[in-house]
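One file, run-v9.cif, is given below (mmCIF, C-alpha atoms and all ligand atoms).
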```
data_start
#
loop_
_atom_site.group_PDB
_atom_site.id
_atom_site.type_symbol
_atom_site.label_atom_id
_atom_site.label_comp_id
_atom_site.auth_asym_id
_atom_site.auth_seq_id
_atom_site.Cartn_x
_atom_site.Cartn_y
_atom_site.Cartn_z
ATOM 1 C CA MET I 61 -20.436 -2.316 5.211
ATOM 2 C CA THR I 62 -19.429 -4.780 2.542
ATOM 3 C CA LEU I 63 -15.997 -3.231 2.509
ATOM 4 C CA LEU I 64 -15.672 -3.289 6.272
ATOM 5 C CA ARG I 65 -16.635 -6.948 6.445
ATOM 6 C CA PHE I 66 -14.230 -7.781 3.640
ATOM 7 C CA ARG I 67 -11.249 -6.065 5.189
ATOM 8 C CA VAL I 68 -11.975 -7.261 8.717
ATOM 9 C CA ALA I 69 -12.193 -10.780 7.338
ATOM 10 C CA ALA I 70 -8.926 -10.273 5.495
ATOM 11 C CA ALA I 71 -7.220 -8.990 8.614
ATOM 12 C CA ALA I 72 -8.551 -11.801 10.784
ATOM 13 C CA ALA I 73 -7.514 -14.377 8.222
ATOM 14 C CA CYS I 74 -4.078 -12.820 8.052
ATOM 15 C CA LEU I 75 -3.578 -13.607 11.705
ATOM 16 C CA LEU I 76 -4.462 -17.198 10.982
ATOM 17 C CA THR I 77 -1.869 -17.154 8.187
ATOM 18 C CA VAL I 78 -4.571 -17.833 5.588
ATOM 19 C CA ASN I 79 -4.373 -15.620 2.529
ATOM 20 C CA VAL I 80 -7.836 -14.408 1.553
ATOM 21 C CA PHE I 81 -6.561 -11.434 -0.428
ATOM 22 C CA ALA I 82 -7.797 -13.239 -3.520
ATOM 23 C CA GLN I 83 -11.357 -12.405 -2.433
ATOM 24 C CA VAL I 84 -12.905 -9.588 -4.411
ATOM 25 C CA PRO I 85 -15.297 -7.180 -2.659
ATOM 26 C CA ASP I 86 -18.548 -5.980 -4.249
ATOM 27 C CA LEU I 87 -17.441 -3.462 -6.886
ATOM 28 C CA SER I 88 -20.849 -2.743 -8.413
ATOM 29 C CA ASP I 89 -21.257 0.735 -6.921
ATOM 30 C CA VAL I 90 -17.600 1.749 -7.032
ATOM 31 C CA THR I 91 -16.452 4.778 -8.983
ATOM 32 C CA ILE I 92 -12.958 6.175 -9.482
ATOM 33 C CA VAL I 93 -12.280 9.676 -8.132
ATOM 34 C CA THR I 94 -9.413 11.678 -9.661
ATOM 35 C CA THR I 95 -7.435 14.292 -7.695
ATOM 36 C CA PRO I 96 -4.902 16.482 -9.603
ATOM 37 C CA LEU I 97 -1.513 16.804 -7.877
ATOM 38 C CA GLY I 98 0.242 19.101 -10.387
ATOM 39 C CA ASP I 99 3.173 18.272 -12.710
ATOM 40 C CA GLY I 100 0.954 15.949 -14.746
ATOM 41 C CA MET I 101 0.284 13.814 -11.687
ATOM 42 C CA TYR I 102 -2.987 12.530 -10.258
ATOM 43 C CA MET I 103 -4.254 10.300 -7.483
ATOM 44 C CA LEU I 104 -7.064 7.866 -8.343
ATOM 45 C CA GLU I 105 -9.198 6.559 -5.476
ATOM 46 C CA ALA I 106 -11.872 3.884 -5.549
ATOM 47 C CA THR I 107 -14.935 5.048 -3.619
ATOM 48 C CA GLY I 108 -15.583 3.102 -0.426
ATOM 49 C CA ASP I 109 -11.846 2.340 -0.116
ATOM 50 C CA VAL I 110 -12.372 -1.061 -1.721
ATOM 51 C CA ALA I 111 -8.929 -0.955 -3.350
ATOM 52 C CA GLY I 112 -5.551 0.714 -3.060
ATOM 53 C CA ASN I 113 -4.902 4.268 -4.214
ATOM 54 C CA ILE I 114 -3.304 4.771 -7.646
ATOM 55 C CA ALA I 115 -0.640 7.370 -8.536
ATOM 56 C CA VAL I 116 -0.606 8.586 -12.159
ATOM 57 C CA SER I 117 2.086 10.397 -14.144
ATOM 58 C CA ALA I 118 0.737 11.584 -17.518
ATOM 59 C CA GLY I 119 2.691 13.562 -20.086
ATOM 60 C CA GLU I 120 4.562 13.528 -23.377
ATOM 61 C CA ASP I 121 6.060 10.072 -22.763
ATOM 62 C CA GLY I 122 2.663 8.543 -22.012
ATOM 63 C CA ILE I 123 1.224 7.274 -18.742
ATOM 64 C CA LEU I 124 2.791 5.491 -15.753
ATOM 65 C CA ILE I 125 0.674 4.301 -12.839
ATOM 66 C CA VAL I 126 1.493 2.929 -9.404
ATOM 67 C CA ASP I 127 -0.891 0.076 -8.479
ATOM 68 C CA ASP I 128 -3.985 -0.960 -10.417
ATOM 69 C CA GLN I 129 -6.695 -2.184 -8.008
ATOM 70 C CA PHE I 130 -8.968 -5.092 -9.005
ATOM 71 C CA ALA I 131 -9.453 -6.368 -12.567
ATOM 72 C CA GLY I 132 -13.156 -5.543 -12.181
ATOM 73 C CA LEU I 133 -12.216 -1.847 -12.061
ATOM 74 C CA THR I 134 -9.885 -1.852 -15.095
ATOM 75 C CA ASP I 135 -12.419 -0.264 -17.467
ATOM 76 C CA GLN I 136 -13.168 2.514 -14.999
ATOM 77 C CA ILE I 137 -9.467 3.094 -14.411
ATOM 78 C CA LEU I 138 -8.840 3.347 -18.173
ATOM 79 C CA ASP I 139 -11.761 5.793 -18.446
ATOM 80 C CA ALA I 140 -10.241 7.910 -15.660
ATOM 81 C CA LEU I 141 -6.848 7.878 -17.408
ATOM 82 C CA ARG I 142 -8.440 8.941 -20.728
ATOM 83 C CA GLU I 143 -10.007 11.896 -18.911
ATOM 84 C CA VAL I 144 -6.562 13.270 -18.085
ATOM 85 C CA SER I 145 -4.458 12.136 -21.058
ATOM 86 C CA SER I 146 -4.675 10.703 -24.557
ATOM 87 C CA GLY I 147 -1.304 9.010 -23.993
ATOM 88 C CA GLN I 148 -0.576 5.295 -23.883
ATOM 89 C CA LEU I 149 -0.256 3.439 -20.573
ATOM 90 C CA ARG I 150 3.407 2.377 -20.672
ATOM 91 C CA TYR I 151 4.345 1.303 -17.147
ATOM 92 C CA ILE I 152 2.629 -0.128 -14.063
ATOM 93 C CA ILE I 153 4.547 -0.290 -10.780
ATOM 94 C CA ASN I 154 3.097 -2.623 -8.122
ATOM 95 C CA THR I 155 3.819 -1.513 -4.544
ATOM 96 C CA HIS I 156 3.263 -5.176 -3.517
ATOM 97 C CA HIS I 157 1.378 -8.292 -4.607
ATOM 98 C CA HIS I 158 -1.968 -7.935 -2.754
ATOM 99 C CA ASP I 159 -4.935 -8.157 -5.129
ATOM 100 C CA ASP I 160 -6.384 -4.775 -4.177
ATOM 101 C CA HIS I 161 -3.161 -3.262 -5.593
ATOM 102 C CA SER I 162 -2.179 -5.617 -8.442
ATOM 103 C CA ASP I 163 -5.167 -7.642 -9.659
ATOM 104 C CA GLY I 164 -5.619 -5.259 -12.612
ATOM 105 C CA ASN I 165 -2.192 -6.231 -14.021
ATOM 106 C CA ALA I 166 -3.310 -8.780 -16.617
ATOM 107 C CA SER I 167 -6.374 -6.910 -17.880
ATOM 108 C CA LEU I 168 -4.423 -3.651 -18.220
ATOM 109 C CA VAL I 169 -1.480 -5.340 -19.948
ATOM 110 C CA SER I 170 -3.762 -7.108 -22.405
ATOM 111 C CA GLN I 171 -5.490 -3.827 -23.312
ATOM 112 C CA THR I 172 -2.475 -1.509 -23.354
ATOM 113 C CA GLY I 173 0.726 -3.551 -23.597
ATOM 114 C CA ALA I 174 2.064 -1.825 -20.471
ATOM 115 C CA THR I 175 5.143 -3.199 -18.689
ATOM 116 C CA ILE I 176 4.811 -4.249 -15.045
ATOM 117 C CA ILE I 177 7.564 -3.398 -12.568
ATOM 118 C CA ALA I 178 7.686 -4.839 -9.033
ATOM 119 C CA HIS I 179 9.871 -6.404 -6.370
ATOM 120 C CA ASP I 180 11.501 -9.775 -7.142
ATOM 121 C CA ASN I 181 9.343 -11.365 -4.426
ATOM 122 C CA ALA I 182 6.150 -9.940 -5.943
ATOM 123 C CA ARG I 183 6.785 -11.923 -9.118
ATOM 124 C CA GLN I 184 7.215 -15.032 -6.993
ATOM 125 C CA ARG I 185 3.989 -14.340 -5.076
ATOM 126 C CA LEU I 186 2.052 -13.660 -8.303
ATOM 127 C CA SER I 187 3.409 -16.815 -9.940
ATOM 128 C CA SER I 188 0.262 -18.789 -9.086
ATOM 129 C CA LYS I 189 -1.790 -16.404 -11.247
ATOM 130 C CA PRO I 190 -1.845 -16.365 -15.076
ATOM 131 C CA ALA I 191 1.324 -15.024 -16.720
ATOM 132 C CA GLY I 192 -0.300 -11.709 -17.656
ATOM 133 C CA HIS I 193 -0.152 -10.737 -13.983
ATOM 134 C CA TRP I 194 3.594 -11.239 -13.677
ATOM 135 C CA PRO I 195 5.976 -8.303 -13.415
ATOM 136 C CA THR I 196 8.534 -8.424 -16.238
ATOM 137 C CA ILE I 197 10.988 -5.983 -14.664
ATOM 138 C CA THR I 198 11.839 -6.802 -11.049
ATOM 139 C CA THR I 199 14.280 -5.561 -8.449
ATOM 140 C CA SER I 200 15.287 -6.363 -4.895
ATOM 141 C CA ALA I 201 16.898 -2.947 -4.348
ATOM 142 C CA GLY I 202 15.435 -0.214 -6.512
ATOM 143 C CA LEU I 203 15.388 1.300 -9.967
ATOM 144 C CA SER I 204 14.562 4.618 -11.600
ATOM 145 C CA ILE I 205 12.499 5.353 -14.696
ATOM 146 C CA HIS I 206 13.057 8.686 -16.409
ATOM 147 C CA PHE I 207 9.618 9.516 -17.761
ATOM 148 C CA ASN I 208 7.543 12.653 -18.347
ATOM 149 C CA GLY I 209 10.371 14.813 -17.032
ATOM 150 C CA GLN I 210 10.321 12.992 -13.691
ATOM 151 C CA LYS I 211 12.807 10.673 -12.061
ATOM 152 C CA ILE I 212 10.455 7.945 -10.837
ATOM 153 C CA THR I 213 12.178 5.678 -8.320
ATOM 154 C CA ALA I 214 10.795 2.354 -7.157
ATOM 155 C CA PHE I 215 12.572 1.848 -3.836
ATOM 156 C CA ALA I 216 12.470 -1.580 -2.202
ATOM 157 C CA VAL I 217 11.644 -1.645 1.517
ATOM 158 C CA PRO I 218 10.566 -5.273 2.017
ATOM 159 C CA GLY I 219 9.626 -6.933 5.275
ATOM 160 C CA GLY I 220 7.067 -4.564 6.846
ATOM 161 C CA HIS I 221 3.656 -5.003 5.198
ATOM 162 C CA THR I 222 4.890 -7.893 2.985
ATOM 163 C CA ASP I 223 8.213 -9.254 1.727
ATOM 164 C CA ASN I 224 7.854 -7.248 -1.512
ATOM 165 C CA ASP I 225 7.006 -3.685 -0.441
ATOM 166 C CA ILE I 226 8.062 -0.888 -2.770
ATOM 167 C CA ILE I 227 7.754 2.881 -2.210
ATOM 168 C CA VAL I 228 7.686 5.114 -5.301
ATOM 169 C CA PHE I 229 9.202 8.619 -5.400
ATOM 170 C CA PHE I 230 8.445 11.154 -8.149
ATOM 171 C CA GLU I 231 11.045 13.911 -8.474
ATOM 172 C CA PRO I 232 10.835 16.862 -8.907
ATOM 173 C CA ALA I 233 7.037 16.556 -8.486
ATOM 174 C CA GLY I 234 7.551 15.767 -4.794
ATOM 175 C CA VAL I 235 4.976 12.969 -4.786
ATOM 176 C CA VAL I 236 5.470 9.705 -2.886
ATOM 177 C CA HIS I 237 3.341 6.533 -3.040
ATOM 178 C CA MET I 238 3.757 4.590 0.199
ATOM 179 C CA GLY I 239 1.853 1.413 -0.640
ATOM 180 C CA ASP I 240 0.317 -0.310 2.356
ATOM 181 C CA LEU I 241 2.974 0.785 4.826
ATOM 182 C CA PHE I 242 0.608 3.689 5.397
ATOM 183 C CA ASN I 243 -3.150 4.036 5.997
ATOM 184 C CA SER I 244 -3.541 7.820 6.077
ATOM 185 C CA ALA I 245 -5.605 10.042 8.395
ATOM 186 C CA ARG I 246 -5.552 7.468 11.197
ATOM 187 C CA THR I 247 -8.053 5.354 9.238
ATOM 188 C CA SER I 248 -6.502 2.117 10.497
ATOM 189 C CA PHE I 249 -3.564 0.580 12.270
ATOM 190 C CA PRO I 250 -1.259 -0.896 9.623
ATOM 191 C CA LEU I 251 -1.308 -4.519 8.521
ATOM 192 C CA ALA I 252 1.846 -6.570 8.995
ATOM 193 C CA HIS I 253 0.980 -9.555 6.789
ATOM 194 C CA LEU I 254 3.107 -12.062 8.667
ATOM 195 C CA ALA I 255 2.235 -14.964 6.344
ATOM 196 C CA ALA I 256 3.618 -12.935 3.418
ATOM 197 C CA GLY I 257 6.889 -11.961 5.085
ATOM 198 C CA GLY I 258 5.613 -8.880 6.898
ATOM 199 C CA ASN I 259 6.694 -7.764 10.369
ATOM 200 C CA ALA I 260 5.298 -4.946 12.540
ATOM 201 C CA LEU I 261 8.740 -3.842 13.765
ATOM 202 C CA ARG I 262 9.984 -3.599 10.193
ATOM 203 C CA ILE I 263 7.141 -1.228 9.333
ATOM 204 C CA LEU I 264 8.563 1.178 11.931
ATOM 205 C CA ASP I 265 12.148 0.581 10.763
ATOM 206 C CA ASN I 266 11.188 1.288 7.171
ATOM 207 C CA ILE I 267 9.174 4.422 7.968
ATOM 208 C CA GLU I 268 12.130 5.771 9.962
ATOM 209 C CA ARG I 269 14.455 4.895 7.094
ATOM 210 C CA ILE I 270 12.471 6.702 4.434
ATOM 211 C CA LEU I 271 11.321 9.767 6.445
ATOM 212 C CA PRO I 272 14.602 11.645 5.780
ATOM 213 C CA MET I 273 14.013 11.031 2.053
ATOM 214 C CA ILE I 274 10.569 12.699 2.078
ATOM 215 C CA PRO I 275 10.565 16.411 1.142
ATOM 216 C CA TRP I 276 8.902 18.771 3.634
ATOM 217 C CA ASP I 277 6.300 19.773 1.053
ATOM 218 C CA ALA I 278 5.728 16.256 -0.342
ATOM 219 C CA GLN I 279 2.285 15.051 -1.362
ATOM 220 C CA VAL I 280 2.048 11.575 0.152
ATOM 221 C CA ILE I 281 -0.261 8.947 -1.353
ATOM 222 C CA ALA I 282 -1.112 6.242 1.170
ATOM 223 C CA GLY I 283 -2.020 2.695 0.235
ATOM 224 C CA HIS I 284 -5.466 3.509 1.606
ATOM 225 C CA GLY I 285 -7.015 6.740 2.846
ATOM 226 C CA PRO I 286 -6.952 10.368 1.706
ATOM 227 C CA LEU I 287 -4.015 12.283 0.241
ATOM 228 C CA SER I 288 -1.540 12.980 3.040
ATOM 229 C CA ASP I 289 1.762 14.704 3.699
ATOM 230 C CA ARG I 290 5.015 14.360 5.610
ATOM 231 C CA ALA I 291 3.287 15.264 8.883
ATOM 232 C CA GLY I 292 0.980 12.290 8.325
ATOM 233 C CA LEU I 293 3.999 10.009 8.113
ATOM 234 C CA VAL I 294 5.491 11.518 11.272
ATOM 235 C CA ASP I 295 2.155 10.854 13.002
ATOM 236 C CA LEU I 296 2.352 7.234 11.809
ATOM 237 C CA ARG I 297 5.951 6.897 12.994
ATOM 238 C CA ASP I 298 5.062 8.233 16.447
ATOM 239 C CA MET I 299 2.123 5.828 16.782
ATOM 240 C CA LEU I 300 4.247 2.877 15.651
ATOM 241 C CA ALA I 301 7.055 3.739 18.070
ATOM 242 C CA PHE I 302 4.673 4.058 21.025
ATOM 243 C CA THR I 303 2.565 0.963 20.372
ATOM 244 C CA ILE I 304 5.535 -1.288 19.608
ATOM 245 C CA ASP I 305 7.332 -0.146 22.767
ATOM 246 C CA PHE I 306 4.076 -0.656 24.719
ATOM 247 C CA VAL I 307 3.732 -4.284 23.653
ATOM 248 C CA GLU I 308 7.465 -5.047 23.816
ATOM 249 C CA ARG I 309 7.818 -3.933 27.452
ATOM 250 C CA ARG I 310 4.863 -6.015 28.541
ATOM 251 C CA LYS I 311 5.883 -9.117 26.605
ATOM 252 C CA LYS I 312 9.398 -8.890 28.108
ATOM 253 C CA SER I 313 7.887 -8.737 31.591
ATOM 254 C CA GLY I 314 6.045 -11.972 30.920
ATOM 255 C CA ARG I 315 2.541 -10.760 30.103
ATOM 256 C CA SER I 316 0.502 -12.858 27.734
ATOM 257 C CA LEU I 317 -0.941 -11.526 24.508
ATOM 258 C CA GLY I 318 -4.441 -11.678 26.002
ATOM 259 C CA GLU I 319 -3.350 -9.692 29.056
ATOM 260 C CA ILE I 320 -1.798 -6.982 26.890
ATOM 261 C CA GLN I 321 -4.903 -6.812 24.690
ATOM 262 C CA ALA I 322 -7.130 -6.613 27.772
ATOM 263 C CA GLU I 323 -5.122 -3.660 29.101
ATOM 264 C CA GLY I 324 -5.223 -1.977 25.682
ATOM 265 C CA PHE I 325 -3.402 1.062 24.348
ATOM 266 C CA PRO I 326 -4.168 4.468 25.938
ATOM 267 C CA ALA I 327 -7.439 6.027 24.754
ATOM 268 C CA GLU I 328 -5.648 8.522 22.509
ATOM 269 C CA TYR I 329 -4.907 5.624 20.103
ATOM 270 C CA ASP I 330 -8.559 4.525 19.813
ATOM 271 C CA GLU I 331 -9.125 6.430 16.573
ATOM 272 C CA TRP I 332 -6.450 4.383 14.749
ATOM 273 C CA ALA I 333 -8.700 1.321 14.920
ATOM 274 C CA GLY I 334 -10.061 0.529 11.465
ATOM 275 C CA TYR I 335 -9.966 -2.654 9.449
ATOM 276 C CA ILE I 336 -6.991 -3.517 11.656
ATOM 277 C CA THR I 337 -8.272 -3.259 15.225
ATOM 278 C CA ALA I 338 -6.152 -2.450 18.272
ATOM 279 C CA ASP I 339 -6.306 -6.137 19.286
ATOM 280 C CA ALA I 340 -5.163 -7.269 15.841
ATOM 281 C CA TRP I 341 -2.311 -4.726 15.769
ATOM 282 C CA THR I 342 -1.261 -5.807 19.272
ATOM 283 C CA GLU I 343 -1.152 -9.420 18.084
ATOM 284 C CA MET I 344 0.911 -8.478 15.024
ATOM 285 C CA ILE I 345 3.455 -6.672 17.208
ATOM 286 C CA TYR I 346 3.504 -9.536 19.733
ATOM 287 C CA ALA I 347 4.123 -12.096 16.976
ATOM 288 C CA SER I 348 6.732 -9.880 15.289
ATOM 289 C CA LEU I 349 8.853 -9.418 18.412
ATOM 290 C CA PRO I 350 11.892 -11.717 18.633
HETATM 291 ZN ZN ZN R 401 -1.574 -4.785 1.014
#
```

Would you mind writing the file out in C-alpha cells?
Amino acid sequence: MTLLRFRVAAAAACLLTVNVFAQVPDLSDVTIVTTPLGDGMYMLEATGDVAGNIAVSAGEDGILIVDDQFAGLTDQILDALREVSSGQLRYIINTHHHDDHSDGNASLVSQTGATIIAHDNARQRLSSKPAGHWPTITTSAGLSIHFNGQKITAFAVPGGHTDNDIIVFFEPAGVVHMGDLFNSARTSFPLAHLAAGGNALRILDNIERILPMIPWDAQVIAGHGPLSDRAGLVDLRDMLAFTIDFVERRKKSGRSLGEIQAEGFPAEYDEWAGYITADAWTEMIYASLP
C-alpha cells in the first residue's frame, strides 16, 4: 500500500508538473530477487515494485548493470551481484534520471569506482544532485560497449517517458532493457512525464521504432513489472495506438478532457490501470496532442 500511495502521488504530481520523484518509498521490507536469463545475464527486481528493474551482465570482464534503484538498496544490490559473480562492477547505464532508476549512482560509484553512462539530458537533470550521481559518459544518439562477449548498446529514444530515455540491447544474449517506456504484464498505463520532456505520442512512436529491432525470442526487461517478451511489447503498442487514437478523435471533435475521461476507454482496457490510472493516461495523451 505504501508503494501504491507513493506511485499514485508521483503520477498525480507529474500532471501538476511538480517533480516528486525525489521522494523515497519505505524500503525497510524490500528484498532483491534475482532471475537468471542465461549468457551471464540476470534481472534484479525489488520486491513490491518500489524501484525499477535492473539488468546485469556478469562475466570475465566484470559486471555491467542497467539502472540501480534507490541508494537505500545499494547494499542489497551489491549482495545480489556478489551472489552471481566475484567480478568488479565496471559500468552502470541509466535508462533515465528518475530516482527509482538512478539514485544508487553515487553510493555504487563510491564503493566500486564504476563508470556511469546515460543520455546527455540525464546528466543535466541530475546536475542538482551531488557530483557522484552524474554520468561521466553521455550520448544523445547511442553507443556500444563490448563487454563479457556481448555488444551492449545504449540506444537513445528521448521524448516519450522523459527527455533522456535510453533502451539497452544485449547481443547476442537477446536481452533488452526498456526503461520506463514499458510497464509489463499490463500492470499500468505508461507515464509520460511531461514536465521532464515526456510525451504520450512519442512513447508510441518510439515503441514502433524499436519493435523491428527486437528479436522474436528476446527476453524483455520492463522498467517495472515481470520479465516480458516481444509479444508484451506488441500488446503495449496496440494499447497505445488505440488509446491515443481514441483521445485524439474526441479532442479534434471538440470534446473536453473531462468529457473524454467520463466516457472512458472500452472495458477491455480496464486492467491496464495501475499507478497510472485511465484518467491520468487520458490526460497525458490530451496534453501531448498538438
Ligand atoms: Zn521513470

*Give me the residues within 12 Å of I:Ala118 as a ChimeraX atom specification, counting only C-alpha atoms and dropping any in the same chain fewer than 3 places off.*
/I:96-103,115,121-126,140-151,207-210

*Could you give me, as a list in words, the residues within 8 Å of I:Asn243, counting all atoms listed in the file and dropping anything in the same chain fewer than 4 positions from it?*
Thr247, Ser248, Phe249, Pro250, Ala282, Gly283, His284 and Gly285 of chain I

How big is the axis-aligned box around the listed atoms of stretch 82-97 of chain I once 4 Å is added on each side, and where is its centre? Give both in Å to one decimal, as AutoDock Vina command-line options.
```
--center_x -11.4 --center_y 1.8 --center_z -6.0 --size_x 27.7 --size_y 38.0 --size_z 15.2
```

_Neighbouring residues of I:Gly192 were defined as those with any atom within 12 Å, considering all atoms listed in the file; residues of the same chain fewer than 3 positions away were excluded. Please report them as a count of residues only._
23

*Could you state which residues are captured by the PyMOL selection byres (((chain I and resi 158) around 9) and not hetatm) in this file, as number ranges by chain?*
I: 81-82, 155-157, 159-163, 182, 186, 222

Create the file for the chosen residues now, containing C-alpha atoms and written as a short mmCIF file (atom, residue, chain, number, x, y, z; two decimals), in the coordinates of the input.
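Full text of selection35.cif as output:
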```cif
data_model
loop_
_atom_site.label_atom_id
_atom_site.label_comp_id
_atom_site.auth_asym_id
_atom_site.auth_seq_id
_atom_site.Cartn_x
_atom_site.Cartn_y
_atom_site.Cartn_z
CA PHE I 81 -6.56 -11.43 -0.43
CA ALA I 82 -7.80 -13.24 -3.52
CA THR I 155 3.82 -1.51 -4.54
CA HIS I 156 3.26 -5.18 -3.52
CA HIS I 157 1.38 -8.29 -4.61
CA ASP I 159 -4.93 -8.16 -5.13
CA ASP I 160 -6.38 -4.78 -4.18
CA HIS I 161 -3.16 -3.26 -5.59
CA SER I 162 -2.18 -5.62 -8.44
CA ASP I 163 -5.17 -7.64 -9.66
CA ALA I 182 6.15 -9.94 -5.94
CA LEU I 186 2.05 -13.66 -8.30
CA THR I 222 4.89 -7.89 2.98
#
```

*asked:* Once the PyMOL selection byres (((chain I and resi 227-231) around 7) and not hetatm) has been evaluated on this model, what residues remain selected, and can you format them as a PyMOL selection string?
replied: chain I and resi 155+210-216+225-226+232-239

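Residues matched by the PyMOL selection byres (((chain I and resi 337) around 10) and not hetatm) in this file are Val68, Ala71, Ala72, Ser248, Phe249, Pro250, Leu251, Asp330, Glu331, Trp332, Ala333, Gly334, Tyr335, Ile336, Ala338, Asp339, Ala340, Trp341, Thr342 and Glu343 of chain I.
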
*Can you pull out every residue within 10 Å of I:Leu87, counting all atoms listed in the file, but drop anything in the same chain fewer than 6 positions away, and send it as number ranges by chain?*
I: 62-63, 106-108, 110-111, 130, 132-133

_For I:Leu293, the nearest of the candidates I:Gln129, I:Ser313, I:Gln279, I:Thr94, counting all atoms listed in the file_ =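 Result for the nearest residue to I:Leu293: I:Gln279.
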
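With all atoms listed in the file as the atoms that count, the minimum distance from ligand ZN 401 (chain R) to the choices I:Phe242, I:Tyr346, I:Phe325, I:Phe302 is reached by I:Phe242.
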
Rebuild N, CA and C atoms on stretch 152-165 of chain I, as a CSV table (one decimal), in the coordinates of the input?
```csv
chain,number,residue,atom,x,y,z
I,152,ILE,N,3.4,0.1,-15.3
I,152,ILE,CA,2.6,-0.1,-14.1
I,152,ILE,C,3.6,-0.6,-13.0
I,153,ILE,N,3.7,0.2,-11.9
I,153,ILE,CA,4.5,-0.3,-10.8
I,153,ILE,C,3.6,-0.8,-9.7
I,154,ASN,N,3.9,-2.0,-9.2
I,154,ASN,CA,3.1,-2.6,-8.1
I,154,ASN,C,3.8,-2.3,-6.8
I,155,THR,N,3.2,-1.7,-5.8
I,155,THR,CA,3.8,-1.5,-4.5
I,155,THR,C,4.0,-2.8,-3.8
I,156,HIS,N,3.1,-3.8,-4.1
I,156,HIS,CA,3.3,-5.2,-3.5
I,156,HIS,C,2.2,-6.1,-4.2
I,157,HIS,N,2.2,-7.3,-3.8
I,157,HIS,CA,1.4,-8.3,-4.6
I,157,HIS,C,-0.1,-8.4,-4.2
I,158,HIS,N,-0.6,-7.8,-3.2
I,158,HIS,CA,-2.0,-7.9,-2.8
I,158,HIS,C,-2.9,-7.6,-3.9
I,159,ASP,N,-4.0,-8.3,-4.0
I,159,ASP,CA,-4.9,-8.2,-5.1
I,159,ASP,C,-5.5,-6.8,-5.2
I,160,ASP,N,-5.8,-6.1,-4.1
I,160,ASP,CA,-6.4,-4.8,-4.2
I,160,ASP,C,-5.4,-3.7,-4.7
I,161,HIS,N,-4.2,-4.2,-5.0
I,161,HIS,CA,-3.2,-3.3,-5.6
I,161,HIS,C,-2.7,-3.8,-6.9
I,162,SER,N,-2.8,-5.1,-7.2
I,162,SER,CA,-2.2,-5.6,-8.4
I,162,SER,C,-3.1,-6.5,-9.3
I,163,ASP,N,-4.3,-6.7,-8.9
I,163,ASP,CA,-5.2,-7.6,-9.7
I,163,ASP,C,-5.5,-7.1,-11.1
I,164,GLY,N,-5.4,-5.8,-11.3
I,164,GLY,CA,-5.6,-5.3,-12.6
I,164,GLY,C,-4.5,-5.5,-13.6
I,165,ASN,N,-3.4,-6.1,-13.1
I,165,ASN,CA,-2.2,-6.2,-14.0
I,165,ASN,C,-2.5,-6.9,-15.4
```
